[in-house]
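**Student:** Just passing along the structure, written as structure tokens.
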Amino acid sequence: MSNREELFPKHPLNTAPAGVIFLLVLSTVLSFLPVGNRGITRTCLFMIAWQVILFGVPFLVYGAIRPTHSFAKLFHGRLTASAVPIIVFGTLMLILQSCVLRFGVFYFGYRVGAYSLYGSSFDVSAGNATELAAIVLAYAVVPAILEEIFFRGIMMREYRIGGFLYSTLFSSLLFAVAHLDPAGFPITFCAGLTLSLILLVTGSLAAAMAAHAAYNLFVIFLEKYVWLMSSSPDSELLFWLILIALFLLCAFFFFRLAGAEMKRAASSDRRYPSGRSGVNRATLYRQAITAPTMIACLAIYAVAAVLSFLV
């Protein structure tokens with residue numbers, strides 16, 4: 001056995017959570033750094049560099065322990081014209097489900113003007129065009145690209161042995177854990193499920209990146225207005241009925257377009273992930289949950305969640 005194989009867990013059910021443990025450790029370090037004292041533009045530049053390191057190291061590790069072609073396969077799917085309406089309705093569905101969950105079902109305090117990323121909050125009030133561009137790049141575009149490569153690309157590929165549902169559930173679980181936001185865990189987990197569905201239907205990682213970036217922009221610049229409308233007691237019930245109706249309408253169009261796209265894919269040489277045949281699914285779920293790195297990952301997250309509520 002080589003030194004490289006001794007250093008890194010090659011089994012997929014161990015490798016995926018190991019990458020998230022690295023993210024959690026560095027995110028915890030970030031929460032203790034005086035990042036916000038640098039000014040908007042310098043803070044954004046710092047966060048871009050930090051995210052490159054945060055995800056760059058797991059990318060390098062993945063490339064070191066997997067065949068070279070495995071990383072290249074993440075980008076095989078092309079973004080076609082037929083995927084555009086799917087991305088649009090998928091993004092709207094993602095935004096509306098987040099609003100319903102964040103301000104309705106899982107209601108919690110909302111800080112206007114602050115954006116939470118990896119357990120830390122940042123000022124996103126731009127004073128000029130340069131600061132606006134820096135905020136968009138640091139908190140919307142770069143996270144969308146890097147997170148989609150890591151979670152919808154690498155993570156879903158690591159869990160592909162159990163099929164689409166299996167890989168979606170565990171990649172979304174780790175996606176929510178990595179954000180270090182206990183109060184927003186259900187929202188982030190459901191966002192992971194929707195982004196995985198967009199990837200499945202379109203077959204393109206770029207489609208998930210586009211939807212993710214658009215969702216980030218909404219959270220940064222527009223979500224506060226939804227919060228203001230939802231906090232009005234006079235129109236609260238009507239507001240939620242409209243939101244839920246819009247969500248169901250977008251979901252209807254999304255799944256209708258998705259069905260047509262999957263029929264087109266079925267007549268081509270494109271295949272949807274189905275998992276390895278002859279594998280006991282119940283055993284796979286148990287193995288994924290009880291993997292040593294998964295237990296360690298969830299334990300670290302639990303400790304961080306308890307500390308966040310106490311501080």
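Chain identifiers are assigned as A, B, and so on, following the order in which chains appear in the structure tokens; residues are numbered from 1 within each chain, and ligands are numbered from 1 in order of appearance.
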Can you pull out every residue within 10 Å of region 157-174 of chain A, counting only C-alpha atoms, but drop anything in the same chain fewer than 3 positions away, and send it as a VMD selection string?
**Tutor:** chain A and resid 11 to 17 19 to 21 62 70 to 71 73 to 74 150 to 154 177 to 179 185 to 186 188 to 197 200 272 to 277 279 to 282 284 to 285 288 to 289 294 297 to 298
**Student:** How would the residues just chosen look if you wrote them out with C-alpha atoms as a PDB file, in the first residue's frame?
**Tutor:**
ATOM      1  CA  HIS A  11     -13.758   4.063   0.251  1.00  0.00           C
ATOM      2  CA  PRO A  12     -16.418   6.496  -1.091  1.00  0.00           C
ATOM      3  CA  LEU A  13     -18.545   6.327   2.062  1.00  0.00           C
ATOM      4  CA  ASN A  14     -15.510   7.522   4.046  1.00  0.00           C
ATOM      5  CA  THR A  15     -14.042   9.941   1.517  1.00  0.00           C
ATOM      6  CA  ALA A  16     -17.086  12.219   1.158  1.00  0.00           C
ATOM      7  CA  PRO A  17     -17.586  13.034   4.881  1.00  0.00           C
ATOM      8  CA  GLY A  19     -13.901  16.331   2.867  1.00  0.00           C
ATOM      9  CA  VAL A  20     -16.697  17.974   4.850  1.00  0.00           C
ATOM     10  CA  ILE A  21     -14.735  17.558   8.102  1.00  0.00           C
ATOM     11  CA  TYR A  62     -10.030  13.830  -4.707  1.00  0.00           C
ATOM     12  CA  SER A  70     -13.179  10.806 -12.587  1.00  0.00           C
ATOM     13  CA  PHE A  71     -12.785  14.568 -12.104  1.00  0.00           C
ATOM     14  CA  LYS A  73     -16.482  13.290 -15.866  1.00  0.00           C
ATOM     15  CA  LEU A  74     -18.015  15.846 -13.516  1.00  0.00           C
ATOM     16  CA  PHE A 150     -17.954  19.694  -4.521  1.00  0.00           C
ATOM     17  CA  PHE A 151     -21.461  18.627  -3.459  1.00  0.00           C
ATOM     18  CA  ARG A 152     -23.426  17.948  -6.660  1.00  0.00           C
ATOM     19  CA  GLY A 153     -20.296  16.843  -8.506  1.00  0.00           C
ATOM     20  CA  ILE A 154     -17.845  15.016  -6.277  1.00  0.00           C
ATOM     21  CA  VAL A 177     -23.802  20.267   7.555  1.00  0.00           C
ATOM     22  CA  ALA A 178     -21.002  22.146   5.789  1.00  0.00           C
ATOM     23  CA  HIS A 179     -22.876  25.459   6.023  1.00  0.00           C
ATOM     24  CA  PHE A 185     -30.437  23.268   8.385  1.00  0.00           C
ATOM     25  CA  PRO A 186     -33.840  22.228   6.920  1.00  0.00           C
ATOM     26  CA  THR A 188     -30.170  24.188   3.225  1.00  0.00           C
ATOM     27  CA  PHE A 189     -30.948  20.467   3.114  1.00  0.00           C
ATOM     28  CA  CYS A 190     -34.045  21.046   0.940  1.00  0.00           C
ATOM     29  CA  ALA A 191     -32.028  23.396  -1.280  1.00  0.00           C
ATOM     30  CA  GLY A 192     -29.539  20.568  -1.790  1.00  0.00           C
ATOM     31  CA  LEU A 193     -32.357  18.239  -2.834  1.00  0.00           C
ATOM     32  CA  THR A 194     -33.684  20.740  -5.392  1.00  0.00           C
ATOM     33  CA  LEU A 195     -30.239  21.484  -6.840  1.00  0.00           C
ATOM     34  CA  SER A 196     -29.602  17.739  -7.165  1.00  0.00           C
ATOM     35  CA  LEU A 197     -32.903  17.388  -9.024  1.00  0.00           C
ATOM     36  CA  LEU A 200     -30.410  15.064 -12.666  1.00  0.00           C
ATOM     37  CA  TYR A 272     -29.648   8.455 -15.599  1.00  0.00           C
ATOM     38  CA  PRO A 273     -27.860   7.104 -12.498  1.00  0.00           C
ATOM     39  CA  SER A 274     -29.507   3.980 -11.125  1.00  0.00           C
ATOM     40  CA  GLY A 275     -26.887   2.599  -8.732  1.00  0.00           C
ATOM     41  CA  ARG A 276     -25.160  -0.752  -8.776  1.00  0.00           C
ATOM     42  CA  SER A 277     -27.439  -3.740  -9.295  1.00  0.00           C
ATOM     43  CA  VAL A 279     -26.692  -4.172  -3.840  1.00  0.00           C
ATOM     44  CA  ASN A 280     -28.741  -4.273  -0.640  1.00  0.00           C
ATOM     45  CA  ARG A 281     -29.991  -0.668  -0.307  1.00  0.00           C
ATOM     46  CA  ALA A 282     -30.785  -0.957   3.417  1.00  0.00           C
ATOM     47  CA  LEU A 284     -25.892   0.835   1.982  1.00  0.00           C
ATOM     48  CA  TYR A 285     -27.845   3.370   4.027  1.00  0.00           C
ATOM     49  CA  ALA A 288     -23.212   5.440   4.979  1.00  0.00           C
ATOM     50  CA  ILE A 289     -24.592   6.606   8.328  1.00  0.00           C
ATOM     51  CA  MET A 294     -19.651  10.429   8.812  1.00  0.00           C
ATOM     52  CA  CYS A 297     -18.535  14.821  10.767  1.00  0.00           C
ATOM     53  CA  LEU A 298     -21.943  14.798  12.466  1.00  0.00           C
TER      54      LEU A 298
END
**Student:** According to DSSP computed on the backbone, where in region 40-155 of chain A is there helix (DSSP H, G or I)? Give the residues as a PDB file with C-alpha atoms, in the first residue's frame.
**Tutor:**
ATOM      1  CA  ILE A  40     -16.370  45.451   2.030  1.00  0.00           C
ATOM      2  CA  THR A  41     -14.045  45.014  -0.962  1.00  0.00           C
ATOM      3  CA  ARG A  42     -11.088  43.613   0.976  1.00  0.00           C
ATOM      4  CA  THR A  43     -13.386  41.282   2.922  1.00  0.00           C
ATOM      5  CA  CYS A  44     -14.845  39.977  -0.341  1.00  0.00           C
ATOM      6  CA  LEU A  45     -11.383  39.397  -1.824  1.00  0.00           C
ATOM      7  CA  PHE A  46     -10.354  37.592   1.353  1.00  0.00           C
ATOM      8  CA  MET A  47     -13.477  35.397   1.180  1.00  0.00           C
ATOM      9  CA  ILE A  48     -12.802  34.487  -2.443  1.00  0.00           C
ATOM     10  CA  ALA A  49      -9.262  33.410  -1.531  1.00  0.00           C
ATOM     11  CA  TRP A  50     -10.554  31.575   1.538  1.00  0.00           C
ATOM     12  CA  GLN A  51     -13.105  29.641  -0.507  1.00  0.00           C
ATOM     13  CA  VAL A  52     -10.479  28.666  -3.066  1.00  0.00           C
ATOM     14  CA  ILE A  53      -8.438  27.161  -0.223  1.00  0.00           C
ATOM     15  CA  LEU A  54     -11.530  25.726   1.491  1.00  0.00           C
ATOM     16  CA  PHE A  55     -12.565  23.723  -1.572  1.00  0.00           C
ATOM     17  CA  GLY A  56      -9.241  23.572  -3.390  1.00  0.00           C
ATOM     18  CA  VAL A  57      -7.657  21.188  -0.883  1.00  0.00           C
ATOM     19  CA  PRO A  58     -10.508  18.609  -1.082  1.00  0.00           C
ATOM     20  CA  PHE A  59     -10.413  18.916  -4.900  1.00  0.00           C
ATOM     21  CA  LEU A  60      -6.685  18.096  -4.878  1.00  0.00           C
ATOM     22  CA  VAL A  61      -7.246  15.180  -2.498  1.00  0.00           C
ATOM     23  CA  TYR A  62     -10.030  13.830  -4.707  1.00  0.00           C
ATOM     24  CA  GLY A  63      -7.754  14.078  -7.731  1.00  0.00           C
ATOM     25  CA  ALA A  64      -5.005  12.285  -5.819  1.00  0.00           C
ATOM     26  CA  ILE A  65      -7.060   9.276  -4.710  1.00  0.00           C
ATOM     27  CA  THR A  68      -7.799  11.408 -13.414  1.00  0.00           C
ATOM     28  CA  HIS A  69     -10.844  10.794 -15.620  1.00  0.00           C
ATOM     29  CA  SER A  70     -13.179  10.806 -12.587  1.00  0.00           C
ATOM     30  CA  PHE A  71     -12.785  14.568 -12.104  1.00  0.00           C
ATOM     31  CA  ALA A  72     -13.188  15.224 -15.828  1.00  0.00           C
ATOM     32  CA  LYS A  73     -16.482  13.290 -15.866  1.00  0.00           C
ATOM     33  CA  ALA A  83     -32.367  23.243 -20.000  1.00  0.00           C
ATOM     34  CA  VAL A  84     -32.931  27.002 -19.729  1.00  0.00           C
ATOM     35  CA  PRO A  85     -36.664  26.913 -18.758  1.00  0.00           C
ATOM     36  CA  ILE A  86     -35.887  24.038 -16.373  1.00  0.00           C
ATOM     37  CA  ILE A  87     -33.235  26.193 -14.696  1.00  0.00           C
ATOM     38  CA  VAL A  88     -35.639  29.153 -14.513  1.00  0.00           C
ATOM     39  CA  PHE A  89     -38.497  27.219 -12.900  1.00  0.00           C
ATOM     40  CA  GLY A  90     -36.072  25.213 -10.767  1.00  0.00           C
ATOM     41  CA  THR A  91     -34.565  28.442  -9.439  1.00  0.00           C
ATOM     42  CA  LEU A  92     -37.995  29.927  -8.717  1.00  0.00           C
ATOM     43  CA  MET A  93     -38.990  26.703  -6.960  1.00  0.00           C
ATOM     44  CA  LEU A  94     -35.748  26.862  -4.946  1.00  0.00           C
ATOM     45  CA  ILE A  95     -36.379  30.480  -3.923  1.00  0.00           C
ATOM     46  CA  LEU A  96     -40.042  29.992  -3.032  1.00  0.00           C
ATOM     47  CA  GLN A  97     -39.456  26.826  -1.016  1.00  0.00           C
ATOM     48  CA  SER A  98     -36.730  28.653   0.912  1.00  0.00           C
ATOM     49  CA  CYS A  99     -39.094  31.541   1.696  1.00  0.00           C
ATOM     50  CA  VAL A 100     -41.879  29.229   2.843  1.00  0.00           C
ATOM     51  CA  LEU A 101     -39.508  27.231   5.050  1.00  0.00           C
ATOM     52  CA  ARG A 102     -37.439  30.125   6.394  1.00  0.00           C
ATOM     53  CA  PHE A 103     -40.240  32.512   7.287  1.00  0.00           C
ATOM     54  CA  GLY A 104     -43.107  30.081   7.741  1.00  0.00           C
ATOM     55  CA  VAL A 105     -42.410  26.522   8.846  1.00  0.00           C
ATOM     56  CA  ALA A 129     -20.378  49.566  -8.041  1.00  0.00           C
ATOM     57  CA  THR A 130     -17.019  48.066  -7.071  1.00  0.00           C
ATOM     58  CA  GLU A 131     -18.327  46.832  -3.727  1.00  0.00           C
ATOM     59  CA  LEU A 132     -21.473  45.511  -5.415  1.00  0.00           C
ATOM     60  CA  ALA A 133     -19.412  43.511  -7.928  1.00  0.00           C
ATOM     61  CA  ALA A 134     -17.194  42.179  -5.132  1.00  0.00           C
ATOM     62  CA  ILE A 135     -20.217  41.058  -3.079  1.00  0.00           C
ATOM     63  CA  VAL A 136     -21.807  39.305  -6.070  1.00  0.00           C
ATOM     64  CA  LEU A 137     -18.564  37.509  -6.881  1.00  0.00           C
ATOM     65  CA  ALA A 138     -17.606  36.534  -3.308  1.00  0.00           C
ATOM     66  CA  TYR A 139     -20.999  35.530  -1.922  1.00  0.00           C
ATOM     67  CA  ALA A 140     -23.026  34.464  -4.972  1.00  0.00           C
ATOM     68  CA  VAL A 141     -20.930  33.325  -7.936  1.00  0.00           C
ATOM     69  CA  VAL A 142     -17.820  31.772  -6.377  1.00  0.00           C
ATOM     70  CA  PRO A 143     -19.737  29.773  -3.699  1.00  0.00           C
ATOM     71  CA  ALA A 144     -22.193  28.517  -6.327  1.00  0.00           C
ATOM     72  CA  ILE A 145     -19.429  27.244  -8.605  1.00  0.00           C
ATOM     73  CA  LEU A 146     -17.251  25.671  -5.909  1.00  0.00           C
ATOM     74  CA  GLU A 147     -20.110  24.174  -3.876  1.00  0.00           C
ATOM     75  CA  GLU A 148     -21.753  22.623  -6.928  1.00  0.00           C
ATOM     76  CA  ILE A 149     -18.493  21.008  -8.036  1.00  0.00           C
ATOM     77  CA  PHE A 150     -17.954  19.694  -4.521  1.00  0.00           C
ATOM     78  CA  PHE A 151     -21.461  18.627  -3.459  1.00  0.00           C
ATOM     79  CA  ARG A 152     -23.426  17.948  -6.660  1.00  0.00           C
ATOM     80  CA  GLY A 153     -20.296  16.843  -8.506  1.00  0.00           C
ATOM     81  CA  ILE A 154     -17.845  15.016  -6.277  1.00  0.00           C
ATOM     82  CA  MET A 155     -20.187  14.092  -3.407  1.00  0.00           C
TER      83      MET A 155
END
**Student:** Between A:Ala126, A:Leu180, A:Ala211, A:Leu24, which has the minimum distance to Ser308 (chain A) (counting only C-alpha atoms)?
**Tutor:**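 Closest to Ser308 (chain A), using only C-alpha atoms: A:Leu180.
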**Student:** Would you mind reading off the distance between CA of Phe22 (chain A) and CA of Tyr118 (chain A), one decimal, in Å?
**Tutor:** 12.3 Å
**Student:** For a test of reading the model, state the distance in Å between CA of Val226 (chain A) and CA of Ile187 (chain A), rounded to one decimal.
**Tutor:**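 Going from CA of Val226 (chain A) over to CA of Ile187 (chain A), I get 15.5 Å.
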**Student:** What's around Trp227 (chain A) at 8 Å? Count only C-alpha atoms, leave out sequence neighbours fewer than 3 positions away in its own chain, and write the answer as an NGL selection string.
**Tutor:** :A and (103 or 110 or 223-224 or 230-231)
